[in-house]
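Okay, work.cif now, which holds mmCIF, C-alpha atoms and all ligand atoms:
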```cif
data_coords
#
loop_
_atom_site.label_atom_id
_atom_site.label_comp_id
_atom_site.auth_asym_id
_atom_site.auth_seq_id
_atom_site.Cartn_x
_atom_site.Cartn_y
_atom_site.Cartn_z
CA MET A 1 132.14 37.40 -185.83
CA ASP A 2 129.17 35.49 -187.20
CA ILE A 3 129.74 31.91 -186.12
CA ASN A 4 126.83 30.75 -188.29
CA GLN A 5 128.77 31.43 -191.46
CA LEU A 6 131.21 28.71 -190.39
CA VAL A 7 128.51 26.08 -189.90
CA ARG A 8 128.13 23.31 -192.48
CA LYS A 9 125.34 24.14 -194.96
CA ASN A 10 123.34 21.01 -194.14
CA VAL A 11 123.55 21.76 -190.42
CA GLN A 12 122.43 25.37 -191.03
CA ALA A 13 119.37 23.93 -192.76
CA LEU A 14 118.79 21.25 -190.09
CA THR A 15 115.72 21.13 -187.86
CA PRO A 16 116.92 19.16 -184.83
CA TYR A 17 114.93 16.21 -183.55
CA GLN A 18 112.01 17.46 -181.45
CA SER A 19 112.51 15.11 -178.52
CA ALA A 20 109.90 15.00 -175.79
CA ARG A 21 112.42 16.60 -173.42
CA ARG A 22 113.20 19.39 -175.88
CA ILE A 23 109.51 20.25 -176.30
CA GLY A 24 109.28 20.57 -172.53
CA GLY A 25 106.02 21.10 -170.67
CA ASN A 26 105.15 21.36 -167.04
CA GLY A 27 103.39 18.33 -165.80
CA ASP A 28 103.01 15.50 -163.42
CA VAL A 29 101.73 12.97 -165.93
CA TRP A 30 104.39 12.37 -168.60
CA LEU A 31 103.02 10.24 -171.40
CA ASN A 32 104.92 11.69 -174.35
CA ALA A 33 108.16 9.71 -174.66
CA ASN A 34 107.07 6.06 -174.55
CA GLU A 35 109.04 5.50 -171.36
CA TYR A 36 108.13 2.73 -168.96
CA PRO A 37 106.24 4.44 -166.11
CA THR A 38 108.29 3.22 -163.13
CA ALA A 39 112.03 3.01 -162.50
CA PRO A 40 113.93 -0.16 -161.64
CA TYR A 41 116.49 0.02 -158.83
CA PHE A 42 120.17 -0.81 -159.36
CA GLU A 43 123.37 -0.37 -157.41
CA LEU A 44 126.76 0.12 -159.03
CA THR A 45 129.13 -2.80 -158.54
CA GLN A 46 132.06 -1.32 -160.48
CA GLN A 47 133.97 1.56 -158.92
CA THR A 48 136.98 1.54 -161.26
CA LEU A 49 136.18 4.87 -162.86
CA ASN A 50 139.87 5.76 -163.16
CA ARG A 51 140.05 3.21 -166.01
CA TYR A 52 138.52 3.39 -169.47
CA PRO A 53 135.65 0.94 -169.95
CA GLU A 54 135.70 -2.18 -172.13
CA PRO A 55 134.89 -1.01 -175.68
CA GLN A 56 132.21 -3.71 -175.95
CA PRO A 57 131.52 -4.92 -172.41
CA GLU A 58 131.60 -8.69 -172.52
CA ALA A 59 128.93 -9.33 -169.90
CA VAL A 60 126.46 -7.07 -171.74
CA ILE A 61 127.21 -8.65 -175.11
CA THR A 62 127.00 -12.27 -173.97
CA ARG A 63 123.84 -11.70 -171.94
CA TYR A 64 122.02 -9.81 -174.68
CA ALA A 65 123.12 -12.35 -177.31
CA GLU A 66 121.70 -15.13 -175.17
CA TYR A 67 118.48 -13.23 -174.54
CA ALA A 68 118.06 -12.46 -178.27
CA GLY A 69 119.13 -15.94 -179.43
CA VAL A 70 122.06 -14.77 -181.56
CA LYS A 71 125.84 -15.20 -181.43
CA PRO A 72 127.87 -12.56 -179.56
CA GLU A 73 129.66 -11.73 -182.84
CA GLN A 74 126.28 -10.70 -184.32
CA LEU A 75 125.86 -7.86 -181.84
CA ILE A 76 127.21 -4.39 -181.16
CA VAL A 77 126.14 -2.26 -178.20
CA SER A 78 125.92 1.54 -178.45
CA ARG A 79 124.67 4.69 -176.76
CA GLY A 80 121.02 3.86 -177.41
CA ALA A 81 119.49 2.68 -180.67
CA ASP A 82 119.75 6.31 -181.78
CA GLU A 83 123.52 6.00 -182.02
CA ALA A 84 123.08 2.77 -183.99
CA ILE A 85 120.87 4.54 -186.55
CA GLU A 86 123.74 6.95 -187.20
CA LEU A 87 126.57 4.39 -187.05
CA LEU A 88 124.98 2.53 -189.95
CA MET A 89 125.00 5.69 -192.05
CA ARG A 90 128.59 6.46 -191.09
CA GLY A 91 129.63 2.96 -192.07
CA PHE A 92 127.67 2.55 -195.28
CA CYS A 93 126.70 5.87 -196.89
CA GLU A 94 128.94 8.20 -198.91
CA PRO A 95 127.91 11.78 -198.05
CA ASN A 96 126.43 13.75 -200.96
CA GLN A 97 126.17 10.57 -203.01
CA ASP A 98 124.26 7.77 -201.28
CA SER A 99 120.71 7.86 -199.94
CA ILE A 100 118.62 6.24 -197.29
CA ILE A 101 114.92 5.38 -197.52
CA TYR A 102 112.48 5.90 -194.70
CA CYS A 103 108.70 5.60 -194.72
CA PRO A 104 106.60 8.16 -192.82
CA PRO A 105 104.69 8.41 -190.63
CA THR A 106 107.56 7.00 -188.58
CA TYR A 107 110.34 7.72 -186.10
CA GLY A 108 112.07 11.06 -186.73
CA MET A 109 115.71 10.18 -186.14
CA TYR A 110 116.32 8.43 -189.48
CA GLN A 111 115.82 11.74 -191.23
CA VAL A 112 117.66 13.88 -188.67
CA SER A 113 120.75 11.63 -188.67
CA ALA A 114 120.87 11.54 -192.47
CA GLN A 115 120.54 15.31 -192.75
CA THR A 116 123.24 15.84 -190.13
CA LEU A 117 125.63 13.65 -192.11
CA GLY A 118 124.80 15.09 -195.54
CA ILE A 119 123.11 11.92 -196.75
CA ALA A 120 120.05 12.28 -198.98
CA CYS A 121 116.67 10.90 -197.91
CA LYS A 122 114.19 9.25 -200.22
CA VAL A 123 110.91 9.59 -198.41
CA ILE A 124 108.44 6.88 -199.39
CA ALA A 125 105.13 7.41 -197.61
CA GLN A 126 103.42 4.37 -196.16
CA THR A 127 100.16 3.16 -197.68
CA ALA A 128 96.81 4.25 -196.21
CA ASP A 129 96.85 1.27 -193.85
CA TRP A 130 100.42 2.06 -192.70
CA GLN A 131 102.22 -0.65 -194.60
CA LEU A 132 105.21 -0.41 -196.93
CA ASP A 133 104.61 0.97 -200.42
CA LEU A 134 106.74 -1.73 -202.03
CA PRO A 135 106.36 -0.66 -205.69
CA ALA A 136 107.38 2.91 -204.79
CA ILE A 137 110.38 1.65 -202.81
CA GLU A 138 111.44 -0.57 -205.71
CA CYS A 139 111.37 2.41 -208.12
CA ASN A 140 113.59 4.43 -205.79
CA LEU A 141 116.41 2.04 -204.94
CA ASP A 142 119.12 3.77 -207.00
CA ASN A 143 122.00 4.88 -204.75
CA VAL A 144 120.15 3.69 -201.66
CA LYS A 145 122.35 1.93 -199.11
CA LEU A 146 120.02 1.75 -196.11
CA ILE A 147 116.26 1.24 -195.85
CA TYR A 148 114.90 2.02 -192.38
CA VAL A 149 111.59 0.49 -191.36
CA CYS A 150 110.07 0.35 -187.91
CA SER A 151 107.90 -2.45 -186.50
CA PRO A 152 105.98 -1.96 -184.28
CA ASN A 153 105.97 1.45 -185.90
CA ASN A 154 106.35 4.61 -183.85
CA PRO A 155 103.97 6.53 -183.69
CA THR A 156 101.22 4.45 -185.33
CA GLY A 157 101.67 1.33 -183.16
CA ASN A 158 100.96 -1.18 -185.94
CA LYS A 159 103.30 -3.91 -187.16
CA LEU A 160 104.53 -4.36 -190.71
CA ASN A 161 103.33 -7.40 -192.66
CA PRO A 162 106.13 -9.98 -192.46
CA GLU A 163 105.57 -10.92 -196.13
CA ASP A 164 106.21 -7.28 -197.06
CA ILE A 165 109.50 -7.26 -195.12
CA LYS A 166 110.44 -10.44 -197.01
CA ALA A 167 109.60 -8.77 -200.32
CA LEU A 168 111.64 -5.74 -199.27
CA LEU A 169 114.61 -7.97 -198.40
CA ALA A 170 114.29 -9.65 -201.80
CA MET A 171 114.33 -6.35 -203.73
CA ALA A 172 117.21 -4.99 -201.64
CA GLU A 173 119.43 -8.03 -202.13
CA ASN A 174 122.92 -7.04 -203.34
CA ARG A 175 121.89 -3.36 -203.18
CA ALA A 176 121.06 -2.12 -199.68
CA LEU A 177 120.75 -3.10 -196.04
CA VAL A 178 117.24 -3.39 -194.60
CA VAL A 179 117.22 -1.99 -191.06
CA VAL A 180 114.25 -3.11 -188.98
CA ASP A 181 113.83 -0.97 -185.87
CA GLU A 182 112.46 -3.26 -183.15
CA ALA A 183 112.66 -0.71 -180.31
CA TYR A 184 109.23 -1.85 -179.03
CA ILE A 185 109.38 -5.52 -179.96
CA GLU A 186 109.18 -6.85 -176.37
CA PHE A 187 105.56 -5.69 -176.23
CA SER A 188 104.73 -8.22 -178.98
CA ILE A 189 107.83 -10.38 -179.02
CA GLU A 190 106.19 -13.03 -181.22
CA ASN A 191 106.54 -10.57 -184.13
CA SER A 192 110.32 -10.30 -183.98
CA ILE A 193 112.10 -11.31 -187.17
CA ILE A 194 115.44 -11.79 -185.43
CA ASN A 195 115.61 -15.44 -186.48
CA TRP A 196 115.59 -14.38 -190.15
CA LEU A 197 119.21 -13.28 -189.76
CA THR A 198 120.41 -16.73 -190.80
CA ASP A 199 118.78 -16.24 -194.21
CA TYR A 200 119.56 -12.59 -194.92
CA PRO A 201 123.11 -11.16 -194.86
CA HIS A 202 121.65 -7.67 -195.44
CA LEU A 203 119.13 -7.66 -192.57
CA VAL A 204 119.89 -5.42 -189.57
CA ILE A 205 117.79 -5.26 -186.39
CA LEU A 206 117.81 -2.43 -183.85
CA ARG A 207 116.92 -3.00 -180.21
CA THR A 208 117.08 -0.91 -177.03
CA LEU A 209 116.91 -1.07 -173.23
CA SER A 210 114.97 2.24 -173.27
CA LYS A 211 111.42 0.96 -173.61
CA ALA A 212 110.37 -2.43 -172.19
CA PHE A 213 113.50 -2.68 -170.02
CA SER A 214 112.56 0.66 -168.45
CA LEU A 215 116.05 2.17 -168.87
CA ALA A 216 115.69 5.17 -171.19
CA GLY A 217 117.98 7.17 -168.91
CA LEU A 218 120.75 4.59 -169.25
CA ARG A 219 121.27 5.12 -173.02
CA CYS A 220 121.95 1.58 -174.16
CA GLY A 221 120.92 -0.01 -177.46
CA PHE A 222 121.91 -2.86 -179.75
CA THR A 223 122.44 -3.54 -183.43
CA ILE A 224 122.03 -7.16 -184.45
CA ALA A 225 123.18 -8.39 -187.85
CA ASN A 226 125.57 -10.87 -189.39
CA LYS A 227 129.26 -10.50 -188.59
CA PRO A 228 130.33 -8.64 -191.77
CA VAL A 229 127.87 -5.82 -190.98
CA ILE A 230 128.87 -5.73 -187.30
CA ASP A 231 132.56 -5.57 -188.26
CA VAL A 232 131.90 -2.38 -190.24
CA LEU A 233 130.14 -0.77 -187.29
CA GLN A 234 133.03 -1.76 -184.99
CA LYS A 235 135.27 0.32 -187.26
CA VAL A 236 133.24 3.54 -186.98
CA ILE A 237 131.97 3.41 -183.38
CA ALA A 238 133.62 5.63 -180.75
CA PRO A 239 136.42 3.89 -178.79
CA TYR A 240 134.51 3.76 -175.49
CA PRO A 241 130.81 4.14 -176.27
CA LEU A 242 129.48 2.83 -172.94
CA ALA A 243 130.47 4.38 -169.62
CA VAL A 244 131.45 1.94 -166.85
CA PRO A 245 128.21 2.57 -164.87
CA VAL A 246 126.11 2.05 -168.01
CA ALA A 247 127.73 -1.32 -168.75
CA ASP A 248 127.43 -2.28 -165.08
CA ILE A 249 123.69 -1.59 -164.94
CA ALA A 250 122.98 -2.97 -168.42
CA SER A 251 124.55 -6.31 -167.52
CA GLN A 252 122.50 -6.46 -164.31
CA ALA A 253 119.33 -5.61 -166.25
CA LEU A 254 120.08 -8.57 -168.53
CA SER A 255 120.32 -11.17 -165.77
CA LYS A 256 117.86 -14.07 -166.10
CA GLU A 257 115.92 -12.76 -163.14
CA ASN A 258 115.63 -9.21 -164.44
CA ILE A 259 114.63 -10.38 -167.92
CA LYS A 260 111.80 -12.35 -166.26
CA ALA A 261 110.82 -9.19 -164.37
CA MET A 262 110.79 -7.21 -167.63
CA GLN A 263 108.58 -9.84 -169.27
CA LEU A 264 106.14 -9.62 -166.37
CA HIS A 265 106.10 -5.81 -166.67
CA VAL A 266 105.28 -6.20 -170.36
CA LEU A 267 102.35 -8.52 -169.60
CA ASN A 268 100.98 -6.06 -167.05
CA LEU A 269 101.46 -3.10 -169.32
CA ASN A 270 99.72 -4.83 -172.23
CA HIS A 271 96.80 -5.61 -169.93
CA GLN A 272 96.76 -1.98 -168.80
CA LYS A 273 96.77 -0.93 -172.47
CA ASP A 274 93.71 -3.06 -173.27
CA LYS A 275 91.78 -1.49 -170.40
CA PHE A 276 92.89 2.01 -171.42
CA ILE A 277 91.78 1.47 -175.03
CA ALA A 278 88.38 0.23 -173.85
CA GLU A 279 87.97 3.39 -171.73
CA LEU A 280 89.12 5.66 -174.58
CA ASN A 281 86.52 4.13 -176.84
CA LYS A 282 83.80 5.36 -174.48
CA ILE A 283 84.92 9.00 -174.87
CA SER A 284 82.91 10.89 -177.48
CA LEU A 285 85.87 13.14 -178.40
CA VAL A 286 87.70 10.03 -179.56
CA GLU A 287 87.25 9.32 -183.23
CA GLN A 288 89.47 6.27 -183.44
CA VAL A 289 91.95 4.33 -181.34
CA TYR A 290 94.37 2.46 -183.57
CA PRO A 291 95.50 -1.07 -182.68
CA SER A 292 98.86 -1.08 -180.88
CA TYR A 293 101.61 -3.67 -180.61
CA ALA A 294 103.71 -1.35 -178.42
CA ASN A 295 103.51 0.62 -175.13
CA TYR A 296 101.59 3.56 -176.59
CA VAL A 297 98.42 4.15 -178.57
CA LEU A 298 97.74 6.52 -181.41
CA VAL A 299 94.36 8.18 -181.01
CA LYS A 300 92.45 10.30 -183.50
CA PHE A 301 90.44 12.99 -181.72
CA LYS A 302 87.75 15.43 -182.67
CA GLN A 303 89.23 18.89 -181.93
CA SER A 304 92.62 17.35 -181.27
CA SER A 305 94.51 20.60 -180.70
CA THR A 306 92.03 21.61 -177.98
CA VAL A 307 92.39 18.17 -176.42
CA PHE A 308 96.19 18.36 -176.53
CA GLN A 309 96.35 21.88 -175.09
CA GLN A 310 93.72 21.37 -172.40
CA LEU A 311 95.47 18.26 -171.09
CA TRP A 312 98.85 20.04 -171.33
CA GLN A 313 97.40 22.86 -169.14
CA LYS A 314 96.37 20.24 -166.60
CA GLY A 315 99.90 18.82 -166.51
CA ILE A 316 99.13 15.78 -168.65
CA ILE A 317 101.77 15.83 -171.35
CA LEU A 318 100.98 13.82 -174.50
CA ARG A 319 102.66 13.74 -177.91
CA ASP A 320 100.97 15.71 -180.67
CA GLN A 321 101.29 13.94 -184.04
CA ASN A 322 99.15 16.41 -185.98
CA LYS A 323 102.07 17.52 -188.18
CA GLN A 324 103.21 14.03 -189.17
CA LEU A 325 102.30 12.91 -192.67
CA SER A 326 98.67 11.60 -192.74
CA LEU A 327 98.23 11.93 -188.97
CA ALA A 328 96.01 15.05 -188.80
CA GLY A 329 94.04 15.01 -185.55
CA CYS A 330 96.21 12.31 -183.98
CA ILE A 331 97.83 12.25 -180.54
CA ARG A 332 100.16 9.53 -179.28
CA ILE A 333 99.67 8.49 -175.67
CA THR A 334 102.20 6.38 -173.77
CA ILE A 335 100.68 3.73 -171.52
CA GLY A 336 101.49 4.86 -167.99
CA THR A 337 100.55 3.52 -164.58
CA GLN A 338 96.91 2.79 -163.78
CA ALA A 339 96.70 6.19 -162.04
CA GLU A 340 98.18 7.99 -165.06
CA CYS A 341 95.80 6.27 -167.47
CA ASP A 342 92.90 7.16 -165.16
CA ALA A 343 94.06 10.80 -165.11
CA VAL A 344 93.89 10.91 -168.92
CA ILE A 345 90.44 9.35 -169.02
CA ASN A 346 89.12 11.69 -166.30
CA ALA A 347 90.55 14.76 -168.02
CA LEU A 348 89.00 13.73 -171.34
CA ASP A 349 85.70 12.96 -169.68
CA ASN A 350 85.63 16.39 -168.02
CA LEU A 351 86.68 18.12 -171.22
CA GLN A 352 83.94 16.58 -173.34
CA LYS A 353 81.36 17.95 -170.90
CA THR A 354 82.63 21.50 -171.46
CA ILE A 355 83.05 21.63 -175.26
C1 LIG B 401 112.82 5.26 -178.65
C2 LIG B 401 113.17 4.82 -180.02
C3 LIG B 401 114.49 4.64 -180.43
C4 LIG B 401 115.65 5.12 -179.63
O1 LIG B 401 116.03 4.31 -178.65
P1 LIG B 401 117.25 4.70 -177.69
O2 LIG B 401 117.86 3.37 -177.45
O3 LIG B 401 116.64 5.33 -176.49
O4 LIG B 401 118.17 5.62 -178.44
C5 LIG B 401 114.74 4.11 -181.67
N1 LIG B 401 113.73 3.81 -182.50
C6 LIG B 401 112.45 4.01 -182.17
C7 LIG B 401 111.38 3.67 -183.13
C8 LIG B 401 112.13 4.55 -180.93
O5 LIG B 401 110.86 4.82 -180.63
#
```

Please rewrite the model in this file as structure tokens.
Amino acid sequence: MDINQLVRKNVQALTPYQSARRIGGNGDVWLNANEYPTAPYFELTQQTLNRYPEPQPEAVITRYAEYAGVKPEQLIVSRGADEAIELLMRGFCEPNQDSIIYCPPTYGMYQVSAQTLGIACKVIAQTADWQLDLPAIECNLDNVKLIYVCSPNNPTGNKLNPEDIKALLAMAENRALVVVDEAYIEFSIENSIINWLTDYPHLVILRTLSKAFSLAGLRCGFTIANKPVIDVLQKVIAPYPLAVPVADIASQALSKENIKAMQLHVLNLNHQKDKFIAELNKISLVEQVYPSYANYVLVKFKQSSTVFQQLWQKGIILRDQNKQLSLAGCIRITIGTQAECDAVINALDNLQKTI
């Protein structure tokens, strides 16, 4: 029996998300998934694994709400921000009828989730300086329920102009939700637009513990919006999205003390990033290092595929962006430890002597 003939047409046609783990590699310097380079230590305090967890663990919700400066009712916690991307579609988009907008080059999961659910994508490329093409978005709003934008943007590292997000919110009023993915916002927290929620009932913000909080393995993310939006997501989310150990560790990670520790890590990492960019700029293979508001840098190289492969051979695993719209020759490099950054610089320095 050919199982494939049973598969939904859109899933047959689907290219799954090429996660860093799926691509693989054999290395000791992993700078391809924008993870924080060192692991925090936690112990479980809850051993009641015979019981189902709280659907929305109260300690996690109240602590994150306080940290983010919103009301607990404006928050829903899920299995990473990735689940939140999909929950919004499940709550708001009719399959085979409604559309989402996303703006490449950007994060790949908006497209993959939409395609999995049979929701059409209107793909509106960013402008040459990686900002929103507002006139093109405005022309394409028919049947659009969700507009996904990312700031700081993955993989380019830049932030969107706040005036453009305001203009987008104005054109989407009474038509669509504007979803601003702030997965990396802690690395430039002054750029968060979370306090705009009071003015915009159709603004949605995505956050995660995977990046600055150093907990990618925990799978814990947040959607922040006004209560009517959150109520819809509460209807479609799985009954017990967070395992007991996940809620346990997430609430510990959100203690005052651990938030302070995270903020210190961010300061150090940003400092490390500045040094790394200065070193990259001395490498002749480097054509351009783009400004970054996150924990990675996008770098345009001469002979980028050679650079990517040679470092891969040496066990330094970076993220090739060559195939993304308008990113020919570009590689994204996560900011690692000092030793990991040094390993990249040394490998590049050696390579430029041989080619
Ligand atoms: C990493 C990332 C996510 C996913 O976060 P998880 O909470 O780990 O699912 C979402 N959006 C962007 C832009 C990301 O880079």

request  = Please identify the residues whose atoms come within 9 Å of ligand LIG 401 (chain B), using all atoms listed in the file, and report them as a count of residues only.
outcome  = 41

Please report as a tab-separated table every residue of region 108-207 of chain A lying within 7 Å of region 295-309 of chain A, along with the nearest atom pair and their distance in Å (one decimal), using all atoms listed in the file.
```
residue	atom	partner	partner_atom	distance
A:Pro155	CA	A:Leu298	CA	6.6
A:Thr156	CA	A:Leu298	CA	5.6
A:Gly157	CA	A:Val297	CA	6.3
A:Phe187	CA	A:Asn295	CA	6.7
```

Box in all listed atoms of region 70-73 of chain A, axis-aligned, with 4 Å more on each side; write out centre and edge lengths in Å to one decimal as lines of an AutoDock Vina configuration file.
```
center_x = 125.9
center_y = -13.5
center_z = -181.2
size_x = 15.6
size_y = 11.5
size_z = 11.3
```

Quick one: which region 183-216 of chain A residues come within 9 Å of region 223-232 of chain A, and what is the nearest atom pair for each with the distance in Å to one decimal, counting all atoms listed in the file, rows ordered by chain and ascending number, as a tab-separated table?
```
residue	atom	partner	partner_atom	distance
A:Ile194	CA	A:Ile224	CA	8.1
A:Leu197	CA	A:Ala225	CA	6.6
A:Thr198	CA	A:Asn226	CA	7.9
A:Tyr200	CA	A:Asn226	CA	8.3
A:Pro201	CA	A:Asn226	CA	6.0
A:His202	CA	A:Ala225	CA	7.8
A:Leu203	CA	A:Ala225	CA	6.3
A:Val204	CA	A:Ala225	CA	4.8
A:Ile205	CA	A:Ile224	CA	5.0
A:Leu206	CA	A:Thr223	CA	4.8
A:Arg207	CA	A:Thr223	CA	6.4
A:Thr208	CA	A:Thr223	CA	8.8
```

Create the file for the chosen residues now, containing C-alpha atoms and written as an mmCIF file, in the coordinates of the input.
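Output (selection-v2.cif):
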```
data_model
loop_
_atom_site.group_PDB
_atom_site.id
_atom_site.type_symbol
_atom_site.label_atom_id
_atom_site.label_comp_id
_atom_site.auth_asym_id
_atom_site.auth_seq_id
_atom_site.Cartn_x
_atom_site.Cartn_y
_atom_site.Cartn_z
ATOM 1 C CA ILE A 194 115.440 -11.790 -185.430
ATOM 2 C CA LEU A 197 119.210 -13.280 -189.760
ATOM 3 C CA THR A 198 120.410 -16.730 -190.800
ATOM 4 C CA TYR A 200 119.560 -12.590 -194.920
ATOM 5 C CA PRO A 201 123.110 -11.160 -194.860
ATOM 6 C CA HIS A 202 121.650 -7.670 -195.440
ATOM 7 C CA LEU A 203 119.130 -7.660 -192.570
ATOM 8 C CA VAL A 204 119.890 -5.420 -189.570
ATOM 9 C CA ILE A 205 117.790 -5.260 -186.390
ATOM 10 C CA LEU A 206 117.810 -2.430 -183.850
ATOM 11 C CA ARG A 207 116.920 -3.000 -180.210
ATOM 12 C CA THR A 208 117.080 -0.910 -177.030
#
```

For Ala20 (chain A), the nearest of the candidates A:Gln47, A:Gln321, A:Gln338, A:Gln115, counting only C-alpha atoms =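 Of the candidates, the smallest distance to Ala20 (chain A) is held by A:Gln321.
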
task = Find, counting all atoms listed in the file, the residue in A:Gly336, A:Gly69, A:Pro241, A:Gly315 that gets nearest to Phe276 (chain A).
result =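 Counting all atoms listed in the file, the residue closest to Phe276 (chain A) is A:Gly336.
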
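Each of A:Ala243, A:Ala339, A:Val344, A:Cys103 was compared to Gln46 (chain A) using all atoms listed in the file, and A:Ala243 turns out to be the nearest.
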
message = Under the rule that all atoms listed in the file are counted, which of A:Ile355, A:Gly24, A:Glu163, A:Glu86 is the nearest residue to Val112 (chain A)?
response =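 Of all the options, A:Glu86 lies closest to Val112 (chain A).
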
key: Selected residue of minimal separation from Val11 (chain A) among A:Ile249, A:Ala136, A:Ile119, A:Val144, counting all atoms listed in the file   =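 The shortest atom-to-atom distance to Val11 (chain A) comes from A:Ile119.
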
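Going from CA of Ile23 (chain A) to CA of Cys330 (chain A) covers 17.3 Å.
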
Atom-to-atom span, CA of Thr334 (chain A) and CA of Val180 (chain A), Å =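 Straight-line distance from CA of Thr334 (chain A) to CA of Val180 (chain A) works out to 21.6 Å.
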
message = What's the separation between CA of Glu73 (chain A) and CA of Asp199 (chain A), in Å to one decimal place?
response =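 Separation between CA of Glu73 (chain A) and CA of Asp199 (chain A): 16.4 Å.
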
task = Would you please work out which residue, of A:Ser188, A:Ile331, A:Leu348, A:Ser326, is nearest to Ala128 (chain A) when using all atoms listed in the file?
result =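 Distance minimum relative to Ala128 (chain A) lands on A:Ser326.
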
Neighbour list for Cys93 (chain A) as a ChimeraX atom specification, cut-off 10 Å, only C-alpha atoms, skip fewer than 4 positions in-chain = /A:87-89,97-100,114,117-120,143-146

Place all heavy atoms on region 12-17 of chain A and deliver the coordinates as a PDB file, in the coordinates of the input.
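What ended up in rebuild_6.pdb:
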```
ATOM      1  N   GLN A  12     123.194  24.107-191.056  1.00  0.00           N
ATOM      2  CA  GLN A  12     122.430  25.370-191.030  1.00  0.00           C
ATOM      3  C   GLN A  12     120.962  25.098-191.353  1.00  0.00           C
ATOM      4  O   GLN A  12     120.074  25.681-190.754  1.00  0.00           O
ATOM      5  CB  GLN A  12     122.997  26.349-192.066  1.00  0.00           C
ATOM      6  CG  GLN A  12     124.308  26.988-191.641  1.00  0.00           C
ATOM      7  CD  GLN A  12     124.797  28.026-192.648  1.00  0.00           C
ATOM      8  OE1 GLN A  12     124.028  28.615-193.393  1.00  0.00           O
ATOM      9  NE2 GLN A  12     126.097  28.243-192.658  1.00  0.00           N
ATOM     10  N   ALA A  13     120.742  24.194-192.299  1.00  0.00           N
ATOM     11  CA  ALA A  13     119.370  23.930-192.760  1.00  0.00           C
ATOM     12  C   ALA A  13     118.634  22.939-191.842  1.00  0.00           C
ATOM     13  O   ALA A  13     117.436  22.708-192.006  1.00  0.00           O
ATOM     14  CB  ALA A  13     119.406  23.371-194.181  1.00  0.00           C
ATOM     15  N   LEU A  14     119.335  22.370-190.877  1.00  0.00           N
ATOM     16  CA  LEU A  14     118.790  21.250-190.090  1.00  0.00           C
ATOM     17  C   LEU A  14     117.767  21.701-189.047  1.00  0.00           C
ATOM     18  O   LEU A  14     118.009  22.648-188.308  1.00  0.00           O
ATOM     19  CB  LEU A  14     119.959  20.551-189.384  1.00  0.00           C
ATOM     20  CG  LEU A  14     119.664  19.300-188.575  1.00  0.00           C
ATOM     21  CD1 LEU A  14     119.327  18.136-189.498  1.00  0.00           C
ATOM     22  CD2 LEU A  14     120.875  18.938-187.711  1.00  0.00           C
ATOM     23  N   THR A  15     116.635  21.004-189.005  1.00  0.00           N
ATOM     24  CA  THR A  15     115.720  21.130-187.860  1.00  0.00           C
ATOM     25  C   THR A  15     116.051  19.988-186.919  1.00  0.00           C
ATOM     26  O   THR A  15     115.898  18.831-187.299  1.00  0.00           O
ATOM     27  CB  THR A  15     114.252  21.008-188.292  1.00  0.00           C
ATOM     28  OG1 THR A  15     114.034  21.882-189.393  1.00  0.00           O
ATOM     29  CG2 THR A  15     113.312  21.356-187.155  1.00  0.00           C
ATOM     30  N   PRO A  16     116.528  20.271-185.699  1.00  0.00           N
ATOM     31  CA  PRO A  16     116.920  19.160-184.830  1.00  0.00           C
ATOM     32  C   PRO A  16     115.719  18.315-184.420  1.00  0.00           C
ATOM     33  O   PRO A  16     114.576  18.767-184.523  1.00  0.00           O
ATOM     34  CB  PRO A  16     117.540  19.856-183.607  1.00  0.00           C
ATOM     35  CG  PRO A  16     117.047  21.250-183.648  1.00  0.00           C
ATOM     36  CD  PRO A  16     116.727  21.576-185.073  1.00  0.00           C
ATOM     37  N   TYR A  17     115.994  17.109-183.992  1.00  0.00           N
ATOM     38  CA  TYR A  17     114.930  16.210-183.550  1.00  0.00           C
ATOM     39  C   TYR A  17     114.166  16.849-182.386  1.00  0.00           C
ATOM     40  O   TYR A  17     114.765  17.333-181.423  1.00  0.00           O
ATOM     41  CB  TYR A  17     115.524  14.869-183.108  1.00  0.00           C
ATOM     42  CG  TYR A  17     114.468  13.886-182.668  1.00  0.00           C
ATOM     43  CD1 TYR A  17     113.545  13.367-183.568  1.00  0.00           C
ATOM     44  CD2 TYR A  17     114.370  13.491-181.334  1.00  0.00           C
ATOM     45  CE1 TYR A  17     112.560  12.483-183.168  1.00  0.00           C
ATOM     46  CE2 TYR A  17     113.383  12.592-180.930  1.00  0.00           C
ATOM     47  CZ  TYR A  17     112.487  12.090-181.856  1.00  0.00           C
ATOM     48  OH  TYR A  17     111.516  11.218-181.446  1.00  0.00           O
TER      49      TYR A  17
END
```
